[in-house]
Amino acid sequence: MSEFESLLNKLLEQKPELSRSDVEEIIKQKKEKIGAGYLTDQGAIFLIASDFGISLSEPLKVEMGLKDLYAGAKEISLETRVLNVSPAKQFSRKDGSPFFLRNMTVYDNNSTASVKLWDEKANLPGIENIKPGDLVKIIKAYVKSDLNGEPTINIGSGSNLETIQNDSEIPSIDKIMKDVSELKEGQKDLAVSGLIDGMVSSMEFTNSRGQPGKALRLRLKGKDGNSMRVVLWGQDESSIPNMISQDAKVRLLGVKVRTGNQGLEIHGNESTMVEIEGGKEAEPIISRILSTTSNENGNRLIVGVDKNKKLFNITDFSDSTSVFNEGDVIELMPSKAFGNSITLDANSLVRKLEDDEKIPSLSKIRTKIKDVKVDGNYCVEAIVLKVPERREVQTKTGESIALAEMFVEDDTGQIWVKGWRNQSRLIEKCELGEIVSITGLNARAGLEGRIELFLTNFSKITKKN
């Protein structure tokens, strides 16, 4: 029997002059009066009971599904599978006393829900061994609304959580896994798979409350060849292997899909579980230096290419490449390699090799404008057709940032080249009629479906005339 049926029967027992149809009609009226989306059928029964002076406060010890959850339910029991689970974190109450909290996402045949484990329940024996896909029993939990109004399962002192080994109709993680190409706006609590496409990087930021934060950024490519931006808030490089090959397989457990500045994006948080093929041992990379520049901290930024014409973005924190020049072939033993993003530090090894004709030079790696495709990384040579323009763009957070753009062409087509923030200065220095060689560009879908090229931190513009 569902929670709704149990509540309805209890009401009818105490108010026998009412029929089921009478109650259903009153529920309809209650929901119409309060407004759609704010009241469930179960919640309406509580209001009806209150109108008649009837108490339904006695906890209902029922087994229910996740789709039946509603705020105010008590002593519920559920059988679910784990989608992800976060580490326990310590917080302080208003009176200064500490408490622990661990978050978990669970799913069954047709729904998902967030679970909060409080105090000693956050550190239950064996909870560190719980992994995605495990079948768990939630016992005598209570339900409250989260900040978004969604029902959240709470496991406190009178509740429990235990793993079980029963046969279950709830599908495994593999069966609910979605490829990147299948994702749609608004989906949440997803298990997503794809391939690394390009760089993996971390960033630090300050949120609207002035608190520091961190995030991990990457792109995932689906079976259809298209890729999607991924932002994992609250995570950094410590959650992924040191060595990740290009096209490595990735699984993200507990993410949602939303629309960003560049179309659909995948967003996760500190509870999202990240599984990436990779290892800890570095493998040597042989690359030709195509261009060099520096960031604000004085670290050398290099665009390189290997014999397979794959471009690399190399960040040198150790200054170990300062003795090498553009065009040199070098062998790297990096400390980290995330797709095409290479990090060199004091633990890395770098040496110069004899020139290797199998590794293309810049003139042979340039891409014609007609061959540029979305999400690719490119080097191009073109003539500036319009005087570069710069303007200030207001972001959603109210920040004003610089954007510069110029229109260029080669003998195969025309395209816009754009640069944000510091990269806008590189474009401003260009002039009408100049032939420019640009390294380290990223192609993105722009307005009306046209492709545009964007400068990155690794980009360099060299004037040819």
# chains A, B, ... in the order shown; residues from 1 in each chain; ligands from 1
>>> residues_around(residues="Leu12 (chain A)", least_positions_apart="2", cutoff="12 Å", atoms="only C-alpha atoms", output="list in words")
Glu5, Ser6, Leu7, Leu8, Asn9, Lys10, Gln14, Lys15, Pro16, Glu17, Leu18, Ser19, Arg20, Ser21, Asp22, Val23, Glu24, Ile45, Ile48, Ala49, Phe52, Ile54 and Leu56 of chain A
>>> write_last_selection(atoms="C-alpha atoms", output="PDB file, in the first residue's frame")
ATOM      1  CA  GLU A   5      -3.493   5.161   0.310  1.00  0.00           C
ATOM      2  CA  SER A   6      -2.459   4.714   3.952  1.00  0.00           C
ATOM      3  CA  LEU A   7      -3.188   8.356   4.722  1.00  0.00           C
ATOM      4  CA  LEU A   8      -6.480   8.284   2.833  1.00  0.00           C
ATOM      5  CA  ASN A   9      -7.694   5.178   4.673  1.00  0.00           C
ATOM      6  CA  LYS A  10      -6.735   6.695   8.013  1.00  0.00           C
ATOM      7  CA  GLN A  14     -11.947   8.854  11.365  1.00  0.00           C
ATOM      8  CA  LYS A  15     -14.400  10.635   9.077  1.00  0.00           C
ATOM      9  CA  PRO A  16     -16.746   7.845   7.814  1.00  0.00           C
ATOM     10  CA  GLU A  17     -19.309  10.282   6.372  1.00  0.00           C
ATOM     11  CA  LEU A  18     -16.756  11.174   3.689  1.00  0.00           C
ATOM     12  CA  SER A  19     -16.363   9.022   0.602  1.00  0.00           C
ATOM     13  CA  ARG A  20     -13.192   8.547  -1.401  1.00  0.00           C
ATOM     14  CA  SER A  21     -14.575  10.714  -4.185  1.00  0.00           C
ATOM     15  CA  ASP A  22     -15.380  13.446  -1.633  1.00  0.00           C
ATOM     16  CA  VAL A  23     -11.770  13.477  -0.475  1.00  0.00           C
ATOM     17  CA  GLU A  24     -10.420  13.447  -4.040  1.00  0.00           C
ATOM     18  CA  ILE A  45      -4.712  15.093   3.004  1.00  0.00           C
ATOM     19  CA  ILE A  48      -7.934  18.288   4.990  1.00  0.00           C
ATOM     20  CA  ALA A  49      -7.471  16.351   8.213  1.00  0.00           C
ATOM     21  CA  PHE A  52     -11.778  18.476  10.307  1.00  0.00           C
ATOM     22  CA  ILE A  54      -8.303  15.053  12.811  1.00  0.00           C
ATOM     23  CA  LEU A  56      -2.634  12.161  11.192  1.00  0.00           C
TER      24      LEU A  56
END
>>> residues_around(residues="region 99-108 of chain A", least_positions_apart="5", cutoff="9 Å", atoms="only C-alpha atoms", output="PyMOL selection string")
chain A and resi 65-67+79-93+113-123+136+169-171+189+254+271
>>> residues_around(residues="Ile34 (chain A)", least_positions_apart="6", cutoff="12 Å", atoms="only C-alpha atoms", output="PyMOL selection string")
chain A and resi 27-28+40+43-44+47
>>> atom_distance(atom1="CA of Trp233 (chain A)", atom2="CA of Met203 (chain A)")
9.6 Å
>>> residues_around(residues="Leu385 (chain A)", least_positions_apart="4", cutoff="12 Å", atoms="only C-alpha atoms", output="MDAnalysis selection string")
chainID A and resid 389 405:410 413:417 430:436
>>> atom_distance(atom1="CA of Leu253 (chain A)", atom2="CA of Asn207 (chain A)")
24.4 Å
>>> select_by_dssp(residues="region 82-262 of chain A", states="strand (DSSP E or B)", output="NGL selection string")
:A and (82-85 or 89-92 or 98-107 or 112-118 or 135-145 or 151-155 or 160-163 or 177-179 or 190-206 or 212-221 or 227-233 or 243-244 or 249-260)
>>> residues_around(residues="Pro125 (chain A)", least_positions_apart="5", cutoff="12 Å", atoms="only C-alpha atoms", output="list in words")
Glu120, Ile130, Asn160, Leu161, Glu162 and Thr163 of chain A
>>> closest_residue(among="A:Glu150, A:Asp134, A:Asp356, A:Asp224", to="Gly194 (chain A)", atoms="only C-alpha atoms")
A:Asp224
>>> residues_around(residues="Pro334 (chain A)", least_positions_apart="2", cutoff="10 Å", atoms="only C-alpha atoms", output="MDAnalysis selection string")
chainID A and resid 242:243 281:285 314:316 331:332 336:337 342:350
>>> write_last_selection(atoms="N, CA and C atoms", output="tab-separated table (two decimals), in the first residue's frame")
chain	number	residue	atom	x	y	z
A	242	ASN	N	46.91	11.15	-12.53
A	242	ASN	CA	47.92	12.10	-13.01
A	242	ASN	C	48.13	12.01	-14.51
A	243	MET	N	47.90	10.81	-15.06
A	243	MET	CA	48.13	10.60	-16.49
A	243	MET	C	46.82	10.17	-17.15
A	281	GLU	N	51.80	6.63	-13.58
A	281	GLU	CA	53.13	6.64	-14.17
A	281	GLU	C	53.18	7.49	-15.44
A	282	ALA	N	54.15	8.36	-15.51
A	282	ALA	CA	54.30	9.22	-16.68
A	282	ALA	C	54.87	8.44	-17.85
A	283	GLU	N	54.44	8.82	-19.04
A	283	GLU	CA	54.99	8.26	-20.26
A	283	GLU	C	55.62	9.40	-21.05
A	284	PRO	N	56.76	9.15	-21.70
A	284	PRO	CA	57.42	10.24	-22.43
A	284	PRO	C	56.60	10.74	-23.61
A	285	ILE	N	56.66	12.04	-23.82
A	285	ILE	CA	55.96	12.69	-24.94
A	285	ILE	C	56.99	13.43	-25.77
A	314	ILE	N	51.24	23.00	-23.18
A	314	ILE	CA	52.24	22.65	-22.18
A	314	ILE	C	52.47	23.84	-21.25
A	315	THR	N	52.24	23.64	-19.95
A	315	THR	CA	52.49	24.68	-18.95
A	315	THR	C	53.74	24.31	-18.17
A	316	ASP	N	54.73	25.20	-18.21
A	316	ASP	CA	56.03	24.94	-17.58
A	316	ASP	C	56.16	25.77	-16.30
A	331	GLU	N	61.73	16.08	-25.73
A	331	GLU	CA	61.11	14.92	-25.09
A	331	GLU	C	60.74	15.32	-23.66
A	332	LEU	N	59.49	15.05	-23.28
A	332	LEU	CA	58.99	15.45	-21.98
A	332	LEU	C	58.64	14.21	-21.16
A	336	LYS	N	52.18	15.69	-14.89
A	336	LYS	CA	50.76	15.44	-15.15
A	336	LYS	C	50.49	15.58	-16.64
A	337	ALA	N	49.60	14.75	-17.15
A	337	ALA	CA	49.18	14.82	-18.55
A	337	ALA	C	47.70	14.52	-18.60
A	342	ILE	N	49.49	19.40	-20.70
A	342	ILE	CA	50.71	18.85	-20.10
A	342	ILE	C	51.23	19.82	-19.04
A	343	THR	N	51.60	19.28	-17.87
A	343	THR	CA	52.16	20.11	-16.80
A	343	THR	C	53.60	19.69	-16.51
A	344	LEU	N	54.50	20.66	-16.51
A	344	LEU	CA	55.89	20.44	-16.16
A	344	LEU	C	56.19	21.16	-14.85
A	345	ASP	N	56.82	20.45	-13.89
A	345	ASP	CA	57.24	21.09	-12.66
A	345	ASP	C	58.63	20.57	-12.27
A	346	ALA	N	59.03	20.77	-11.02
A	346	ALA	CA	60.38	20.39	-10.60
A	346	ALA	C	60.63	18.88	-10.71
A	347	ASN	N	59.55	18.10	-10.73
A	347	ASN	CA	59.71	16.65	-10.82
A	347	ASN	C	59.69	16.14	-12.27
A	348	SER	N	59.57	17.04	-13.22
A	348	SER	CA	59.51	16.65	-14.63
A	348	SER	C	60.90	16.64	-15.26
A	349	LEU	N	61.02	15.91	-16.34
A	349	LEU	CA	62.26	15.86	-17.11
A	349	LEU	C	62.01	16.34	-18.53
A	350	VAL	N	62.94	17.16	-19.03
A	350	VAL	CA	62.83	17.69	-20.39
A	350	VAL	C	64.21	17.65	-21.04
>>> closest_atom_pairs(of="region 184-272 of chain A", to="region 368-384 of chain A", cutoff="9 Å", atoms="only C-alpha atoms", output="tab-separated table")
residue	atom	partner	partner_atom	distance
A:Asp197	CA	A:Asp375	CA	8.4
A:Gly198	CA	A:Asn377	CA	8.1
A:Arg219	CA	A:Asp375	CA	8.9
A:Asn226	CA	A:Asp375	CA	8.1
A:Ser227	CA	A:Asp375	CA	7.1
A:Met228	CA	A:Asp375	CA	8.8
>>> write_last_selection(atoms="N, CA and C atoms", output="PDB file, in the first residue's frame")
ATOM      1  N   ASP A 197      37.973  14.935 -24.414  1.00  0.00           N
ATOM      2  CA  ASP A 197      38.180  15.665 -25.663  1.00  0.00           C
ATOM      3  C   ASP A 197      38.947  16.947 -25.353  1.00  0.00           C
ATOM      4  N   GLY A 198      40.259  16.905 -25.553  1.00  0.00           N
ATOM      5  CA  GLY A 198      41.070  18.096 -25.312  1.00  0.00           C
ATOM      6  C   GLY A 198      41.566  18.201 -23.892  1.00  0.00           C
ATOM      7  N   ARG A 219      36.103  18.503 -21.305  1.00  0.00           N
ATOM      8  CA  ARG A 219      35.096  18.298 -22.342  1.00  0.00           C
ATOM      9  C   ARG A 219      34.974  16.800 -22.575  1.00  0.00           C
ATOM     10  N   ASN A 226      30.252  14.654 -31.224  1.00  0.00           N
ATOM     11  CA  ASN A 226      30.125  15.994 -30.657  1.00  0.00           C
ATOM     12  C   ASN A 226      30.532  15.974 -29.184  1.00  0.00           C
ATOM     13  N   SER A 227      31.029  17.104 -28.708  1.00  0.00           N
ATOM     14  CA  SER A 227      31.487  17.157 -27.320  1.00  0.00           C
ATOM     15  C   SER A 227      30.709  18.189 -26.530  1.00  0.00           C
ATOM     16  N   MET A 228      30.776  18.063 -25.202  1.00  0.00           N
ATOM     17  CA  MET A 228      30.042  18.936 -24.301  1.00  0.00           C
ATOM     18  C   MET A 228      30.960  19.362 -23.157  1.00  0.00           C
TER      19      MET A 228
END
>>> select_by_dssp(residues="region 210-454 of chain A", states="alpha helix (DSSP H)", output="list in words")
Leu362, Ser363, Lys364, Ile365, Gln423, Ser424, Arg425, Leu426, Ile427 and Glu428 of chain A
>>> write_last_selection(atoms="C-alpha atoms", output="CSV table (one decimal), in the first residue's frame")
chain,number,residue,atom,x,y,z
A,362,LEU,CA,54.1,24.9,-37.9
A,363,SER,CA,53.7,25.5,-41.7
A,364,LYS,CA,52.5,21.9,-42.1
A,365,ILE,CA,50.2,21.8,-39.1
A,423,GLN,CA,43.6,37.7,-25.0
A,424,SER,CA,41.6,40.7,-26.3
A,425,ARG,CA,44.9,42.7,-26.2
A,426,LEU,CA,46.5,40.4,-28.7
A,427,ILE,CA,43.7,41.1,-31.2
A,428,GLU,CA,43.9,44.9,-30.6
>>> atom_distance(atom1="CA of Leu195 (chain A)", atom2="CA of Lys310 (chain A)")
16.0 Å
>>> residues_around(residues="Glu265 (chain A)", least_positions_apart="5", cutoff="8 Å", atoms="only C-alpha atoms", output="list in words")
Met228, Arg229, Val230, Val231, Val257, Arg258, Thr259 and Gly260 of chain A
>>> decode(residues="region 406-423 of chain A", atoms="C-alpha atoms", output="PDB file, in the first residue's frame")
ATOM      1  CA  MET A 406      38.572  40.535 -35.879  1.00  0.00           C
ATOM      2  CA  PHE A 407      37.393  39.101 -39.210  1.00  0.00           C
ATOM      3  CA  VAL A 408      40.008  37.138 -41.172  1.00  0.00           C
ATOM      4  CA  GLU A 409      40.232  34.981 -44.270  1.00  0.00           C
ATOM      5  CA  ASP A 410      42.540  32.622 -46.130  1.00  0.00           C
ATOM      6  CA  ASP A 411      42.124  31.210 -49.639  1.00  0.00           C
ATOM      7  CA  THR A 412      39.371  28.825 -48.461  1.00  0.00           C
ATOM      8  CA  GLY A 413      37.046  30.957 -46.349  1.00  0.00           C
ATOM      9  CA  GLN A 414      36.410  33.628 -43.729  1.00  0.00           C
ATOM     10  CA  ILE A 415      35.969  33.411 -39.952  1.00  0.00           C
ATOM     11  CA  TRP A 416      35.760  35.536 -36.804  1.00  0.00           C
ATOM     12  CA  VAL A 417      38.634  35.382 -34.323  1.00  0.00           C
ATOM     13  CA  LYS A 418      37.765  36.493 -30.782  1.00  0.00           C
ATOM     14  CA  GLY A 419      39.584  36.945 -27.492  1.00  0.00           C
ATOM     15  CA  TRP A 420      38.321  37.482 -23.953  1.00  0.00           C
ATOM     16  CA  ARG A 421      40.062  39.372 -21.149  1.00  0.00           C
ATOM     17  CA  ASN A 422      43.875  39.359 -21.614  1.00  0.00           C
ATOM     18  CA  GLN A 423      43.579  37.676 -25.011  1.00  0.00           C
TER      19      GLN A 423
END
